[in-house]
$ cat target.tsv   # TSV, C-alpha atoms
chain	number	residue	atom	x	y	z
Y	1156	MET	CA	32.78	11.22	-5.57
Y	1157	ILE	CA	29.35	10.45	-6.95
Y	1158	GLU	CA	26.42	11.70	-4.89
Y	1159	VAL	CA	23.41	9.37	-4.74
Y	1160	ARG	CA	20.08	10.80	-3.58
Y	1161	PHE	CA	17.30	8.43	-2.51
Y	1162	PHE	CA	13.65	9.44	-2.46
Y	1163	ALA	CA	10.51	8.07	-0.75
Y	1164	THR	CA	10.67	4.33	0.01
Y	1165	LEU	CA	14.17	4.01	-1.47
Y	1166	ARG	CA	15.47	5.93	1.57
Y	1167	GLU	CA	14.60	3.07	3.93
Y	1168	GLY	CA	17.86	1.80	5.37
Y	1169	ARG	CA	19.89	4.03	3.04
Y	1170	GLY	CA	19.28	7.58	4.21
Y	1171	LYS	CA	18.69	10.58	1.97
Y	1172	ILE	CA	22.11	11.16	0.44
Y	1173	THR	CA	25.30	9.14	0.26
Y	1174	GLN	CA	28.65	9.52	-1.48
Y	1175	VAL	CA	30.30	6.77	-3.52
Y	1176	PRO	CA	33.89	6.93	-4.77
Y	1177	ALA	CA	33.78	7.42	-8.55
Y	1178	GLU	CA	36.09	4.47	-9.17
Y	1179	GLU	CA	33.50	2.11	-7.63
Y	1180	ALA	CA	30.83	2.68	-10.31
Y	1181	SER	CA	30.98	3.17	-14.06
Y	1182	THR	CA	27.22	3.07	-14.71
Y	1183	ALA	CA	24.05	3.98	-12.84
Y	1184	GLY	CA	23.27	0.26	-12.79
Y	1185	ASP	CA	26.47	-0.33	-10.79
Y	1186	LEU	CA	25.08	2.02	-8.16
Y	1187	LEU	CA	21.73	0.22	-8.10
Y	1188	ARG	CA	23.53	-3.08	-7.52
Y	1189	ARG	CA	25.74	-1.54	-4.84
Y	1190	PHE	CA	22.63	-0.53	-2.88
Y	1191	ASN	CA	20.68	-3.73	-3.68
Y	1192	ILE	CA	17.98	-1.89	-5.59
Y	1193	PRO	CA	16.33	-3.87	-8.42
Y	1194	ALA	CA	16.00	-1.73	-11.55
Y	1195	ASP	CA	12.23	-2.33	-11.63
Y	1196	GLU	CA	11.94	-0.59	-8.24
Y	1197	VAL	CA	13.22	2.66	-9.77
Y	1198	ALA	CA	10.63	4.60	-11.77
Y	1199	ILE	CA	12.81	7.65	-12.36
Y	1200	LEU	CA	16.59	7.72	-12.52
Y	1201	LEU	CA	18.22	11.09	-13.03
Y	1202	ILE	CA	21.87	11.83	-13.71
Y	1203	ASN	CA	22.55	15.53	-13.08
Y	1204	GLY	CA	18.83	16.23	-13.48
Y	1205	PHE	CA	18.41	14.40	-16.81
Y	1206	HIS	CA	16.29	11.26	-17.26
Y	1207	SER	CA	18.68	8.35	-17.63
Y	1208	LYS	CA	18.88	4.55	-17.77
Y	1209	PRO	CA	20.84	2.07	-15.63
Y	1210	ALA	CA	23.25	1.47	-18.54
Y	1211	ASP	CA	24.21	5.17	-18.71
Y	1212	SER	CA	27.70	5.99	-17.49
Y	1213	VAL	CA	28.47	8.00	-14.38
Y	1214	LYS	CA	31.59	9.96	-13.46
Y	1215	ASP	CA	33.17	11.90	-10.65
Y	1216	GLY	CA	30.98	14.84	-9.58
Y	1217	ASP	CA	27.70	13.39	-10.90
Y	1218	ILE	CA	24.50	13.54	-8.85
Y	1219	ILE	CA	22.24	10.51	-9.19
Y	1220	SER	CA	18.62	10.77	-8.03
Y	1221	LEU	CA	16.50	7.65	-7.59
Y	1222	PHE	CA	12.70	7.71	-7.30
Y	1223	PRO	CA	10.44	4.66	-6.78
Y	1224	PRO	CA	7.08	4.21	-8.50
Y	1225	VAL	CA	4.39	6.24	-6.75
Y	1226	GLY	CA	0.94	4.84	-6.15
Y	1227	GLY	CA	-2.19	6.69	-5.35
Y	1228	GLY	CA	-5.40	7.75	-6.79

$ encode --input "target.tsv" --output "structure tokens"
Amino acid sequence: MIEVRFFATLREGRGKITQVPAEEASTAGDLLRRFNIPADEVAILLINGFHSKPADSVKDGDIISLFPPVGGG
């Protein structure tokens, strides 16, 4: 299983954490598409705590963390 963690506004309608069977995604981008998240809505994408890109591969046991852009001032 691949664990996907959603933060801030990306949690809306998705919850905090979900599990996806590893055979259903080969890249982080596959996971974004699965959850209908446009890549431009993700400011930080981490695979096992390392900054990554949607094209980077994922495998069984990985933890994916998705953070939206944060506004403020």

$ closest_residue --input "target.tsv" --among "Y:Ala1180, Y:Ile1218, Y:Ile1172, Y:Leu1165" --to "Val1197 in chain Y" --atoms "all atoms listed in the file"
Y:Leu1165

$ residues_near_point --input "target.tsv" --point "(21.8, 10.6, -5.9)" --cutoff "6 Å" --atoms "all atoms listed in the file" --output "MDAnalysis selection string"
chainID Y and resid 1158:1160 1218:1220

$ residues_around --input "target.tsv" --residues "Glu1167 in chain Y" --least-positions-apart "5" --cutoff "12 Å" --atoms "all atoms listed in the file" --output "list in words"
Phe1161, Phe1162, Ile1172, Phe1190, Asn1191, Ile1192 and Pro1223 of chain Y

$ write_last_selection --input "target.tsv" --atoms "C-alpha atoms" --output "mmCIF file, in the coordinates of the input"
data_model
loop_
_atom_site.group_PDB
_atom_site.id
_atom_site.type_symbol
_atom_site.label_atom_id
_atom_site.label_comp_id
_atom_site.auth_asym_id
_atom_site.auth_seq_id
_atom_site.Cartn_x
_atom_site.Cartn_y
_atom_site.Cartn_z
ATOM 1 C CA PHE Y 1161 17.300 8.430 -2.510
ATOM 2 C CA PHE Y 1162 13.650 9.440 -2.460
ATOM 3 C CA ILE Y 1172 22.110 11.160 0.440
ATOM 4 C CA PHE Y 1190 22.630 -0.530 -2.880
ATOM 5 C CA ASN Y 1191 20.680 -3.730 -3.680
ATOM 6 C CA ILE Y 1192 17.980 -1.890 -5.590
ATOM 7 C CA PRO Y 1223 10.440 4.660 -6.780
#

$ residues_around --input "target.tsv" --residues "Glu1178 in chain Y" --least-positions-apart "2" --cutoff "12 Å" --atoms "all atoms listed in the file" --output "PDB file with C-alpha atoms, in the frame of the given file"
ATOM      1  CA  MET Y1156      32.780  11.220  -5.570  1.00  0.00           C
ATOM      2  CA  ILE Y1157      29.350  10.450  -6.950  1.00  0.00           C
ATOM      3  CA  GLN Y1174      28.650   9.520  -1.480  1.00  0.00           C
ATOM      4  CA  VAL Y1175      30.300   6.770  -3.520  1.00  0.00           C
ATOM      5  CA  PRO Y1176      33.890   6.930  -4.770  1.00  0.00           C
ATOM      6  CA  ALA Y1180      30.830   2.680 -10.310  1.00  0.00           C
ATOM      7  CA  SER Y1181      30.980   3.170 -14.060  1.00  0.00           C
ATOM      8  CA  THR Y1182      27.220   3.070 -14.710  1.00  0.00           C
ATOM      9  CA  ASP Y1185      26.470  -0.330 -10.790  1.00  0.00           C
ATOM     10  CA  LEU Y1186      25.080   2.020  -8.160  1.00  0.00           C
ATOM     11  CA  SER Y1212      27.700   5.990 -17.490  1.00  0.00           C
ATOM     12  CA  VAL Y1213      28.470   8.000 -14.380  1.00  0.00           C
ATOM     13  CA  LYS Y1214      31.590   9.960 -13.460  1.00  0.00           C
ATOM     14  CA  ASP Y1215      33.170  11.900 -10.650  1.00  0.00           C
ATOM     15  CA  GLY Y1216      30.980  14.840  -9.580  1.00  0.00           C
TER      16      GLY Y1216
END

$ atom_distance --input "target.tsv" --atom1 "CA of Leu1221 in chain Y" --atom2 "CA of Arg1189 in chain Y"
13.3 Å

$ closest_residue --input "target.tsv" --among "Y:Ile1202, Y:Ala1163, Y:Ala1210, Y:Val1225" --to "Gly1184 in chain Y" --atoms "only C-alpha atoms"
Y:Ala1210

$ axis_aligned_box --input "target.tsv" --around "range 1192-1206 of chain Y" --padding-each-side "8 Å" --output "lines of an AutoDock Vina configuration file"
center_x = 16.6
center_y = 6.2
center_z = -11.4
size_x = 27.9
size_y = 36.1
size_z = 27.7
